[in-house]
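Engineer: For reference, this is data-v7.cif, and it has mmCIF, C-alpha atoms and all ligand atoms.
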data_structure
loop_
_atom_site.label_atom_id
_atom_site.label_comp_id
_atom_site.auth_asym_id
_atom_site.auth_seq_id
_atom_site.Cartn_x
_atom_site.Cartn_y
_atom_site.Cartn_z
CA MET A 228 108.16 24.64 -123.77
CA VAL A 229 109.53 25.04 -120.23
CA ASN A 230 110.60 28.57 -119.31
CA TRP A 231 113.79 27.46 -117.58
CA GLU A 232 114.90 31.00 -116.72
CA SER A 233 111.77 31.65 -114.66
CA LYS A 234 112.38 28.53 -112.59
CA LEU A 235 115.99 29.20 -111.64
CA SER A 236 116.98 29.64 -107.99
CA ASP A 237 118.34 33.03 -106.88
CA TYR A 238 121.77 31.40 -106.68
CA ALA A 239 121.60 30.07 -110.26
CA ARG A 240 120.41 33.48 -111.51
CA ARG A 241 123.43 35.16 -109.94
CA VAL A 242 125.92 32.82 -111.69
CA GLU A 243 127.20 34.78 -114.68
CA PRO A 244 129.55 33.84 -117.51
CA SER A 245 133.06 35.10 -116.84
CA ALA A 246 133.81 38.37 -118.62
CA ILE A 247 136.86 36.58 -120.01
CA PHE A 248 134.81 33.90 -121.79
CA ALA A 249 132.40 36.53 -123.10
CA LEU A 250 135.28 37.94 -125.20
CA LEU A 251 136.27 34.67 -126.81
CA ASP A 252 134.06 34.96 -129.90
CA MET A 253 135.45 38.37 -130.93
CA PRO A 254 136.64 38.46 -134.60
CA ARG A 255 140.39 37.94 -134.76
CA ALA A 256 143.28 37.31 -137.18
CA PRO A 257 143.81 33.60 -137.96
CA ASP A 258 147.22 33.32 -136.25
CA THR A 259 146.26 35.32 -133.16
CA ILE A 260 148.56 34.98 -130.14
CA ASN A 261 146.46 34.75 -127.01
CA LEU A 262 147.92 36.41 -123.91
CA GLY A 263 144.62 35.82 -122.10
CA PRO A 264 144.65 32.44 -120.39
CA GLY A 265 146.18 31.87 -116.97
CA GLU A 266 147.14 28.35 -118.01
CA PRO A 267 150.41 26.49 -117.70
CA ASP A 268 152.07 25.59 -121.01
CA PRO A 269 151.11 21.99 -121.89
CA ALA A 270 154.51 21.62 -123.59
CA LEU A 271 155.96 21.75 -120.05
CA PHE A 272 153.82 18.95 -118.58
CA PRO A 273 155.96 16.01 -117.39
CA VAL A 274 153.98 13.63 -119.60
CA GLY A 275 156.45 10.72 -119.57
CA ARG A 276 156.66 10.60 -115.78
CA ILE A 277 152.90 10.89 -115.39
CA ALA A 278 152.39 8.06 -117.89
CA GLN A 279 154.86 5.95 -115.90
CA ILE A 280 153.01 6.60 -112.62
CA ILE A 281 149.65 5.72 -114.15
CA ALA A 282 151.09 2.58 -115.76
CA ASN A 283 152.55 1.51 -112.38
CA GLU A 284 149.23 2.06 -110.63
CA LEU A 285 147.17 0.20 -113.21
CA THR A 286 149.37 -2.76 -114.11
CA ASP A 287 149.36 -4.13 -110.57
CA SER A 288 145.83 -5.44 -110.03
CA GLY A 289 145.83 -4.73 -106.27
CA ARG A 290 146.91 -1.09 -106.79
CA ALA A 291 144.54 -0.71 -109.74
CA ARG A 292 141.59 -1.58 -107.50
CA THR A 293 142.54 1.22 -105.11
CA ALA A 294 143.25 3.64 -107.96
CA LEU A 295 139.85 3.09 -109.56
CA GLN A 296 137.77 2.89 -106.39
CA TYR A 297 136.17 5.66 -104.29
CA THR A 298 138.40 6.98 -101.55
CA VAL A 299 137.71 8.93 -98.33
CA ASN A 300 135.95 12.27 -98.87
CA ALA A 301 138.76 14.34 -97.35
CA GLY A 302 141.20 12.86 -99.86
CA LEU A 303 143.56 9.97 -100.31
CA PRO A 304 145.40 9.54 -96.97
CA PRO A 305 148.96 9.29 -98.46
CA LEU A 306 148.40 12.52 -100.42
CA ARG A 307 147.09 14.29 -97.30
CA GLU A 308 150.13 12.99 -95.37
CA ARG A 309 152.51 14.35 -97.99
CA LEU A 310 150.73 17.70 -98.18
CA SER A 311 150.85 18.11 -94.42
CA ALA A 312 154.57 17.18 -94.55
CA LEU A 313 154.98 19.94 -97.15
CA HIS A 314 153.41 22.45 -94.74
CA ARG A 315 155.56 21.15 -91.87
CA SER A 316 158.68 21.53 -94.02
CA ARG A 317 157.73 25.21 -94.34
CA GLY A 318 157.58 25.60 -90.59
CA LEU A 319 153.84 25.12 -90.04
CA PRO A 320 152.46 22.58 -87.58
CA SER A 321 150.26 20.23 -89.61
CA SER A 322 148.78 16.75 -89.73
CA LYS A 323 146.69 15.08 -92.39
CA ASP A 324 143.55 16.15 -90.48
CA ASN A 325 144.42 19.73 -91.43
CA VAL A 326 144.19 18.89 -95.15
CA LEU A 327 141.17 18.56 -97.43
CA VAL A 328 141.96 17.57 -101.01
CA THR A 329 139.71 19.54 -103.36
CA SER A 330 138.88 19.43 -107.04
CA GLY A 331 141.27 22.31 -107.70
CA SER A 332 141.59 25.55 -105.75
CA GLN A 333 138.47 26.76 -107.50
CA GLN A 334 136.43 24.30 -105.47
CA ALA A 335 138.34 25.25 -102.32
CA ILE A 336 137.23 28.86 -102.81
CA ASP A 337 133.66 27.76 -103.47
CA LEU A 338 133.58 25.56 -100.35
CA VAL A 339 134.86 28.35 -98.10
CA VAL A 340 132.46 30.89 -99.59
CA SER A 341 129.56 28.41 -99.28
CA ALA A 342 130.46 27.84 -95.64
CA PHE A 343 130.81 31.48 -94.55
CA VAL A 344 129.03 33.79 -96.99
CA GLN A 345 125.28 34.47 -97.11
CA PRO A 346 123.56 36.94 -99.44
CA GLY A 347 124.59 40.39 -98.19
CA SER A 348 127.68 39.20 -96.26
CA ARG A 349 130.54 41.65 -96.52
CA VAL A 350 133.65 40.23 -98.17
CA ALA A 351 136.89 42.13 -98.71
CA VAL A 352 139.07 41.38 -101.74
CA GLN A 353 142.26 42.78 -103.24
CA SER A 354 141.67 45.07 -106.13
CA PRO A 355 142.16 43.99 -108.89
CA THR A 356 141.27 40.41 -108.03
CA TYR A 357 140.98 36.93 -109.55
CA PRO A 358 137.82 36.91 -111.73
CA GLY A 359 137.07 33.27 -110.84
CA ALA A 360 136.78 34.12 -107.14
CA MET A 361 134.68 37.19 -107.86
CA GLY A 362 132.24 35.01 -109.83
CA ILE A 363 131.80 32.71 -106.82
CA LEU A 364 131.35 35.64 -104.44
CA LYS A 365 128.77 37.30 -106.68
CA ALA A 366 126.87 34.02 -107.11
CA HIS A 367 126.61 33.77 -103.31
CA GLY A 368 125.32 37.35 -103.14
CA ALA A 369 128.36 38.72 -101.26
CA ALA A 370 128.66 42.47 -100.75
CA ILE A 371 132.18 42.89 -102.15
CA VAL A 372 134.41 45.62 -100.73
CA THR A 373 138.00 46.39 -101.79
CA LEU A 374 140.72 45.76 -99.25
CA ASP A 375 141.63 49.47 -99.27
CA ASP A 376 138.04 50.39 -98.37
CA ALA A 377 138.02 47.65 -95.74
CA PHE A 378 141.13 49.15 -94.10
CA ARG A 379 139.38 52.54 -94.03
CA GLU A 380 136.15 51.06 -92.63
CA ALA A 381 137.82 48.86 -89.97
CA PRO A 382 136.76 47.68 -87.41
CA ARG A 383 133.49 46.89 -89.27
CA GLU A 384 132.68 43.21 -89.60
CA PHE A 385 133.60 41.07 -92.60
CA ALA A 386 132.57 37.47 -93.20
CA VAL A 387 135.57 36.63 -95.36
CA ILE A 388 138.72 38.34 -96.60
CA TYR A 389 139.96 36.77 -99.83
CA VAL A 390 143.55 37.42 -100.94
CA THR A 391 146.12 36.06 -103.38
CA PRO A 392 149.16 37.60 -101.67
CA THR A 393 151.84 35.88 -103.74
CA PHE A 394 152.31 36.50 -107.50
CA SER A 395 148.71 37.59 -107.75
CA ASN A 396 146.31 36.84 -110.54
CA PRO A 397 145.86 39.35 -112.20
CA SER A 398 148.48 41.87 -111.04
CA GLY A 399 151.54 39.62 -110.65
CA GLU A 400 152.28 41.50 -107.42
CA THR A 401 153.31 40.07 -104.06
CA LEU A 402 152.26 41.59 -100.73
CA ASP A 403 155.25 42.31 -98.50
CA ILE A 404 155.39 41.02 -94.96
CA ALA A 405 154.11 44.29 -93.45
CA MET A 406 151.05 44.21 -95.71
CA ARG A 407 150.45 40.53 -94.89
CA ARG A 408 150.45 41.42 -91.17
CA ARG A 409 148.07 44.29 -91.89
CA VAL A 410 145.65 41.96 -93.69
CA LEU A 411 145.88 39.47 -90.83
CA ASP A 412 145.21 42.24 -88.29
CA LEU A 413 142.18 43.31 -90.34
CA ALA A 414 140.86 39.74 -90.27
CA ARG A 415 141.43 39.50 -86.53
CA GLY A 416 139.85 42.89 -85.86
CA SER A 417 136.80 42.26 -88.05
CA GLY A 418 136.17 38.64 -87.10
CA ALA A 419 136.69 37.54 -90.71
CA ILE A 420 137.80 34.18 -92.03
CA LEU A 421 140.91 34.87 -94.09
CA LEU A 422 141.14 32.84 -97.29
CA GLU A 423 144.69 32.79 -98.63
CA ASP A 424 144.72 31.59 -102.24
CA ASP A 425 148.23 30.59 -103.27
CA PRO A 426 148.15 28.74 -106.63
CA TYR A 427 151.35 30.26 -108.03
CA GLU A 428 153.64 29.86 -105.00
CA ALA A 429 155.83 27.24 -106.71
CA ILE A 430 156.45 29.46 -109.76
CA SER A 431 158.83 31.90 -108.06
CA PHE A 432 161.73 33.63 -109.79
CA GLU A 433 163.52 34.85 -106.70
CA ASP A 434 165.08 33.06 -103.76
CA ALA A 435 162.84 34.36 -101.01
CA THR A 436 159.07 34.73 -100.95
CA PRO A 437 157.46 36.26 -97.82
CA SER A 438 155.93 33.76 -95.36
CA THR A 439 152.34 32.77 -96.05
CA ILE A 440 149.72 34.66 -94.05
CA GLN A 441 148.64 31.34 -92.58
CA SER A 442 152.09 30.74 -91.15
CA LEU A 443 152.04 34.24 -89.59
CA ASP A 444 148.63 33.43 -88.16
CA ALA A 445 149.47 29.95 -86.90
CA LYS A 446 152.25 30.97 -84.51
CA ASN A 447 150.24 29.40 -81.68
CA GLY A 448 149.35 26.32 -83.71
CA ILE A 449 147.24 25.69 -86.79
CA GLU A 450 144.17 24.87 -84.66
CA GLN A 451 144.06 28.50 -83.41
CA SER A 452 144.44 29.99 -86.89
CA GLN A 453 141.61 31.85 -88.62
CA THR A 454 143.30 31.57 -92.01
CA LEU A 455 142.35 28.91 -94.52
CA TYR A 456 145.04 28.32 -97.11
CA THR A 457 144.51 26.84 -100.56
CA SER A 458 146.96 25.79 -103.22
CA THR A 459 146.87 23.46 -106.20
CA PHE A 460 148.81 21.18 -108.52
CA SER A 461 147.31 23.02 -111.50
CA LYS A 462 150.32 25.25 -112.12
CA SER A 463 153.13 23.03 -110.82
CA LEU A 464 151.98 19.72 -112.39
CA THR A 465 148.85 19.84 -114.59
CA PRO A 466 145.39 21.42 -114.18
CA GLY A 467 143.72 18.45 -115.91
CA PHE A 468 143.96 16.30 -112.77
CA ARG A 469 141.87 18.85 -110.84
CA VAL A 470 143.74 18.37 -107.58
CA GLY A 471 144.11 21.20 -105.09
CA TRP A 472 143.89 21.37 -101.33
CA LEU A 473 142.74 23.37 -98.34
CA HIS A 474 144.86 23.60 -95.20
CA GLY A 475 143.40 24.81 -91.91
CA PRO A 476 142.14 23.93 -88.42
CA SER A 477 140.88 20.33 -88.30
CA SER A 478 137.39 21.22 -87.01
CA ILE A 479 136.56 23.42 -90.00
CA ILE A 480 138.31 21.01 -92.38
CA ARG A 481 135.81 18.37 -91.14
CA LYS A 482 132.87 20.68 -91.89
CA LEU A 483 134.22 21.63 -95.31
CA THR A 484 134.70 17.92 -96.03
CA LEU A 485 130.95 17.46 -95.46
CA LEU A 486 130.23 20.27 -97.89
CA LYS A 487 132.54 18.69 -100.42
CA GLN A 488 130.86 15.34 -99.92
CA SER A 489 127.55 16.83 -100.98
CA GLU A 490 129.14 18.55 -104.00
CA ASP A 491 131.20 15.75 -105.58
CA MET A 492 132.08 13.19 -102.88
CA GLN A 493 135.85 13.45 -103.39
CA ALA A 494 138.53 14.51 -105.86
CA GLY A 495 139.28 11.75 -108.41
CA THR A 496 141.18 8.86 -106.85
CA LEU A 497 143.55 8.25 -109.76
CA SER A 498 144.33 11.98 -109.96
CA GLN A 499 145.13 12.01 -106.26
CA LEU A 500 147.37 8.96 -106.58
CA VAL A 501 149.28 10.62 -109.39
CA ALA A 502 149.62 13.84 -107.37
CA ALA A 503 150.85 11.88 -104.32
CA GLU A 504 153.45 10.01 -106.38
CA ALA A 505 154.44 13.10 -108.36
CA MET A 506 155.13 14.98 -105.12
CA GLN A 507 158.35 12.91 -104.96
CA PHE A 508 159.75 14.87 -107.91
CA VAL A 509 157.51 17.91 -108.51
CA TYR A 510 159.12 20.33 -106.07
CA SER A 511 162.67 18.95 -106.26
CA GLU A 512 163.05 18.43 -110.03
CA HIS A 513 160.12 19.68 -112.09
CA VAL A 514 159.40 23.04 -110.47
CA PRO A 515 163.01 24.30 -110.88
CA ARG A 516 162.65 23.75 -114.64
CA LEU A 517 159.30 25.54 -114.70
CA ARG A 518 160.79 28.47 -112.82
CA GLU A 519 163.63 28.78 -115.30
CA GLU A 520 161.34 28.64 -118.34
CA TYR A 521 158.64 30.96 -116.97
CA ARG A 522 161.30 33.42 -115.81
CA ARG A 523 162.71 33.46 -119.36
CA ARG A 524 159.20 34.21 -120.66
CA ARG A 525 158.60 36.93 -118.10
CA ASP A 526 161.90 38.56 -119.07
CA ALA A 527 161.00 38.33 -122.77
CA MET A 528 157.66 40.03 -122.12
CA LEU A 529 159.15 42.74 -119.92
CA GLY A 530 161.92 43.42 -122.46
CA ALA A 531 159.39 43.64 -125.31
CA LEU A 532 157.14 45.95 -123.28
CA GLU A 533 160.08 48.26 -122.69
CA ARG A 534 160.87 48.34 -126.42
CA HIS A 535 157.30 48.85 -127.64
CA PHE A 536 155.72 50.86 -124.82
CA GLY A 537 158.63 52.53 -123.00
CA GLY A 538 157.45 55.90 -121.62
CA GLN A 539 153.82 55.35 -122.73
CA ALA A 540 152.53 52.84 -120.17
CA LYS A 541 153.31 51.24 -116.81
CA TRP A 542 153.46 47.57 -115.94
CA THR A 543 154.26 45.33 -113.00
CA ARG A 544 157.43 43.24 -112.72
CA PRO A 545 156.23 39.94 -111.23
CA ALA A 546 158.63 37.97 -109.04
CA GLY A 547 156.73 34.78 -109.97
CA GLY A 548 153.47 33.44 -111.36
CA PHE A 549 152.04 33.98 -114.84
CA PHE A 550 150.94 37.62 -115.20
CA VAL A 551 152.02 41.16 -115.99
CA TRP A 552 149.47 43.89 -115.29
CA MET A 553 149.71 46.83 -117.66
CA THR A 554 148.27 50.32 -117.20
CA LEU A 555 147.79 52.41 -120.36
CA PRO A 556 146.97 56.14 -120.45
CA GLU A 557 143.63 57.05 -118.81
CA HIS A 558 141.71 57.60 -122.05
CA VAL A 559 142.34 54.05 -123.37
CA ASP A 560 139.40 51.65 -123.19
CA ALA A 561 141.03 48.19 -123.08
CA VAL A 562 137.91 46.45 -124.46
CA ALA A 563 137.96 48.75 -127.51
CA LEU A 564 141.72 48.23 -127.82
CA LEU A 565 141.15 44.46 -127.65
CA ARG A 566 138.88 44.61 -130.71
CA VAL A 567 141.63 46.35 -132.68
CA ALA A 568 144.35 44.07 -131.25
CA ALA A 569 142.43 40.84 -132.05
CA LEU A 570 142.28 41.87 -135.73
CA GLN A 571 146.03 42.48 -135.59
CA GLY A 572 146.65 39.04 -134.03
CA VAL A 573 146.95 39.44 -130.27
CA THR A 574 144.44 39.13 -127.42
CA PHE A 575 144.55 39.72 -123.65
CA VAL A 576 142.23 40.08 -120.68
CA PRO A 577 140.89 43.63 -120.22
CA GLY A 578 141.28 44.95 -116.67
CA THR A 579 137.55 45.44 -116.06
CA ALA A 580 137.17 41.62 -115.89
CA CYS A 581 139.19 41.77 -112.66
CA SER A 582 137.08 44.31 -110.79
CA HIS A 583 133.66 43.91 -109.19
CA ARG A 584 132.84 47.52 -109.99
CA GLY A 585 134.16 47.80 -113.55
CA GLU A 586 137.38 49.62 -112.63
CA TYR A 587 140.67 49.32 -114.54
CA LYS A 588 139.19 50.31 -117.90
CA ASN A 589 142.67 51.23 -119.14
CA CYS A 590 144.43 48.10 -117.77
CA LEU A 591 145.37 44.78 -119.34
CA ARG A 592 146.24 41.40 -117.88
CA LEU A 593 149.01 39.88 -120.01
CA SER A 594 149.92 36.25 -119.46
CA TYR A 595 153.39 35.00 -120.41
CA SER A 596 152.78 31.39 -119.38
CA THR A 597 151.48 29.71 -122.53
CA ASN A 598 153.80 31.05 -125.24
CA PRO A 599 157.56 30.70 -125.72
CA ALA A 600 159.76 33.80 -125.51
CA ALA A 601 159.96 34.48 -129.27
CA THR A 602 156.16 34.34 -129.61
CA LEU A 603 155.76 36.72 -126.66
CA GLU A 604 158.04 39.23 -128.35
CA GLU A 605 155.93 39.03 -131.51
CA ALA A 606 152.74 39.37 -129.40
CA ILE A 607 153.95 42.55 -127.70
CA CYS A 608 155.13 43.94 -131.05
CA ARG A 609 151.57 43.38 -132.38
CA LEU A 610 150.10 44.92 -129.23
CA GLY A 611 152.33 47.97 -129.76
CA SER A 612 151.11 48.43 -133.31
CA ALA A 613 147.47 47.84 -132.24
CA PHE A 614 147.95 50.52 -129.59
CA ARG A 615 149.29 52.97 -132.17
CA SER A 616 146.33 52.20 -134.52
CA PHE A 617 143.97 52.67 -131.59
CA GLN A 618 145.56 56.01 -130.72
CA LYS A 619 145.11 57.20 -134.33
CA LEU A 620 141.52 55.95 -134.49
CA THR A 621 140.56 57.74 -131.28
CA ALA A 622 142.70 60.87 -131.73
CA GLY A 623 139.74 62.88 -133.01
CA SER A 624 137.52 62.02 -130.05
CA ARG A 625 140.09 63.10 -127.42
C1 LIG B 701 144.16 32.98 -108.17
C2 LIG B 701 143.61 31.66 -108.62
N1 LIG B 701 142.91 30.92 -107.75
C3 LIG B 701 142.40 29.73 -108.09
C4 LIG B 701 142.56 29.24 -109.36
C5 LIG B 701 141.92 27.91 -109.70
O1 LIG B 701 142.89 26.92 -109.84
P1 LIG B 701 142.52 25.37 -109.94
O2 LIG B 701 142.90 24.95 -111.32
O3 LIG B 701 143.34 24.72 -108.90
O4 LIG B 701 141.07 25.22 -109.67
C6 LIG B 701 143.27 29.97 -110.32
C7 LIG B 701 143.41 29.48 -111.68
O5 LIG B 701 143.83 30.12 -112.59
C8 LIG B 701 143.82 31.21 -109.93
O6 LIG B 701 144.51 31.98 -110.77
#
Would you write the structure of this file as structure tokens?

Structural biologist:
Amino acid sequence: MVNWESKLSDYARRVEPSAIFALLDMPRAPDTINLGPGEPDPALFPVGRIAQIIANELTDSGRARTALQYTVNAGLPPLRERLSALHRSRGLPSSKDNVLVTSGSQQAIDLVVSAFVQPGSRVAVQSPTYPGAMGILKAHGAAIVTLDDAFREAPREFAVIYVTPTFSNPSGETLDIAMRRRVLDLARGSGAILLEDDPYEAISFEDATPSTIQSLDAKNGIEQSQTLYTSTFSKSLTPGFRVGWLHGPSSIIRKLTLLKQSEDMQAGTLSQLVAAEAMQFVYSEHVPRLREEYRRRRDAMLGALERHFGGQAKWTRPAGGFFVWMTLPEHVDAVALLRVAALQGVTFVPGTACSHRGEYKNCLRLSYSTNPAATLEEAICRLGSAFRSFQKLTAGSR
């Protein structure tokens, strides 16, 4: 029998299962409410409109041939046009040559890391950070440093700085404009490529969100910018289409397109057609509904946290996105709490999954995106009683 393990490349050896998936087979109550996934609620997908778009594309034989054929590696031209118009409408100079359509933002992160990170390259990340990006960085052998340490160490060199400055996964927090400038200055001073990951930007609950770091950086034109920006239709439309994009200087977009070509040629043509058509209503009609519903859910979660944990824990108050980040007293081990909570019918992501050095032992990522308000209240009530059971169980050892 082949010993597959012994034959793996260094890269393949470094790819690890996400700490989040490793927790999925934990014993749990049958009706467990999962506050773990960072997924949009499928009940909110605009299924009828998507079905109509697909029917229109496929019933006309000329359009169907385009929809089912390969397209250019950088992405379907009308979608790239519309995405660059979206950036222009936000005050950024842009043409379709500044856009690469990717198979989700996950691939955008992977392409940028593949292009700029070698084993041992220093990469600065927010702490806590998105586990999916950390997995890619670890697989490429990056030497990961927290942003706070990077500020202290400046002006040392970094290959890449990776940030989710708006409605972050996992903390729900948004960097203010001063902090965005500070991150940009760090990138400029350390020669780093700045990767701005912005998947939740559409899901905002307040009128104003600070300018993207890329727009601060591109004051003299996008071609001079050292920021690469990625966003996605995964949260604003559906993740199943796997359509995201990168926006940046055209010369590096060309290089990243070559990398994408060798990975998967292009994002799916039909998915891109749907995204291009859906752009006519996503931001104007669909996103306002999502904002209203997700805001209601956030409020339900925050209200329930206040009732069940008031005075015993801290949590963030996100101005958008899908996540609340909760900090319990120091002695609490969130993985041990999760085992108790799963038996009492609620699960979440323990904070350690969001740190490259196992920090945030007493923190929880709680997602309010996939459950309606009443279910979230029940989930937090269960979490409160699991916390009290946990406190009793561990009282003797404290
Ligand atoms: C911060 C962050 N970046 C990237 C992604 C990947 O998104 P996509 O579905 O577009 O690949 C996610 C998904 O949850 C995310 O939270």

Engineer: Tell me, as a list in words, which residues lie within 9 Å of Glu308 in chain A, counting all atoms listed in the file; anything in the same chain fewer than 6 positions away does not count.

Structural biologist: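 Close residues of Glu308 in chain A: Ser322, Lys323, Asp324 and Val326 of chain A.
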
Engineer: Would you export the selected residues with C-alpha atoms as an mmCIF file, keeping the file's coordinate frame, please?

Structural biologist:
data_model
loop_
_atom_site.group_PDB
_atom_site.id
_atom_site.type_symbol
_atom_site.label_atom_id
_atom_site.label_comp_id
_atom_site.auth_asym_id
_atom_site.auth_seq_id
_atom_site.Cartn_x
_atom_site.Cartn_y
_atom_site.Cartn_z
ATOM 1 C CA SER A 322 148.780 16.750 -89.730
ATOM 2 C CA LYS A 323 146.690 15.080 -92.390
ATOM 3 C CA ASP A 324 143.550 16.150 -90.480
ATOM 4 C CA VAL A 326 144.190 18.890 -95.150
#

Engineer: In terms of the shortest atom-to-atom distance over only C-alpha atoms, which of A:Thr439, A:Ser594, A:Asn589, A:Ser321 is closest to Thr574 in chain A?

Structural biologist: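 Using only C-alpha atoms, the shortest distance to Thr574 in chain A belongs to A:Ser594.
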
Engineer: For ligand LIG 701 (chain B), which residue among A:Leu319, A:Ala369, A:Ile260, A:Leu338 is the nearest when counting all atoms listed in the file?

Structural biologist: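 Comparing A:Leu319, A:Ala369, A:Ile260, A:Leu338 against ligand LIG 701 (chain B), the winner is A:Leu338.
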
Engineer: Could you report the residues within 6 Å of ligand LIG 701 (chain B), using only C-alpha atoms and all ligand atoms, as a list in words?

Structural biologist: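 The residues within 6 Å of ligand LIG 701 (chain B), counting only C-alpha atoms and all ligand atoms, are Gly265, Gly331, Ser332, Gln333, Tyr357, Asn396, Asp424, Pro426, Thr459, Ser461, Pro466 and Gly471 of chain A.
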
Engineer: So how far away is CA of Ser348 in chain A from CA of Lys588 in chain A, in Å?

Structural biologist: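 Taking CA of Lys588 in chain A as the start and CA of Ser348 in chain A as the end point, the length is 26.9 Å.
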
Engineer: For the point (153.3, 27.3, -117.3) in file coordinates, what residues are within 9 Å, counting all atoms listed in the file? Give the answer as a list of chain:residue names?

Structural biologist: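 Checked against the point, the hits come out as A:Gly265, A:Glu266, A:Pro267, A:Asp268, A:Pro269, A:Ala270, A:Leu271, A:Phe272, A:Ile430, A:Lys462, A:Ser463, A:Leu517, A:Arg518, A:Glu520, A:Tyr521, A:Gly548, A:Phe549, A:Tyr595, A:Ser596, A:Thr597, A:Asn598.
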
Engineer: Can you tell me, as a PyMOL selection string, what residues are no more than 7 Å from range 492-494 of chain A when counting only C-alpha atoms, ignoring any on the same chain fewer than 4 positions away?

Structural biologist: chain A and resi 300-302+328-330+470+487-488

Engineer: Pick out the residues sitting within 8 Å of Gln539 in chain A, and hand them over as a tab-separated table (two decimals) with C-alpha atoms, in the coordinates of the input; count only C-alpha atoms, and ignore anything fewer than 2 positions along from it in its own chain.

Structural biologist:
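selection.tsv, written as the output of this step:
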chain	number	residue	atom	x	y	z
A	536	PHE	CA	155.72	50.86	-124.82
A	537	GLY	CA	158.63	52.53	-123.00
A	541	LYS	CA	153.31	51.24	-116.81
A	555	LEU	CA	147.79	52.41	-120.36
A	556	PRO	CA	146.97	56.14	-120.45
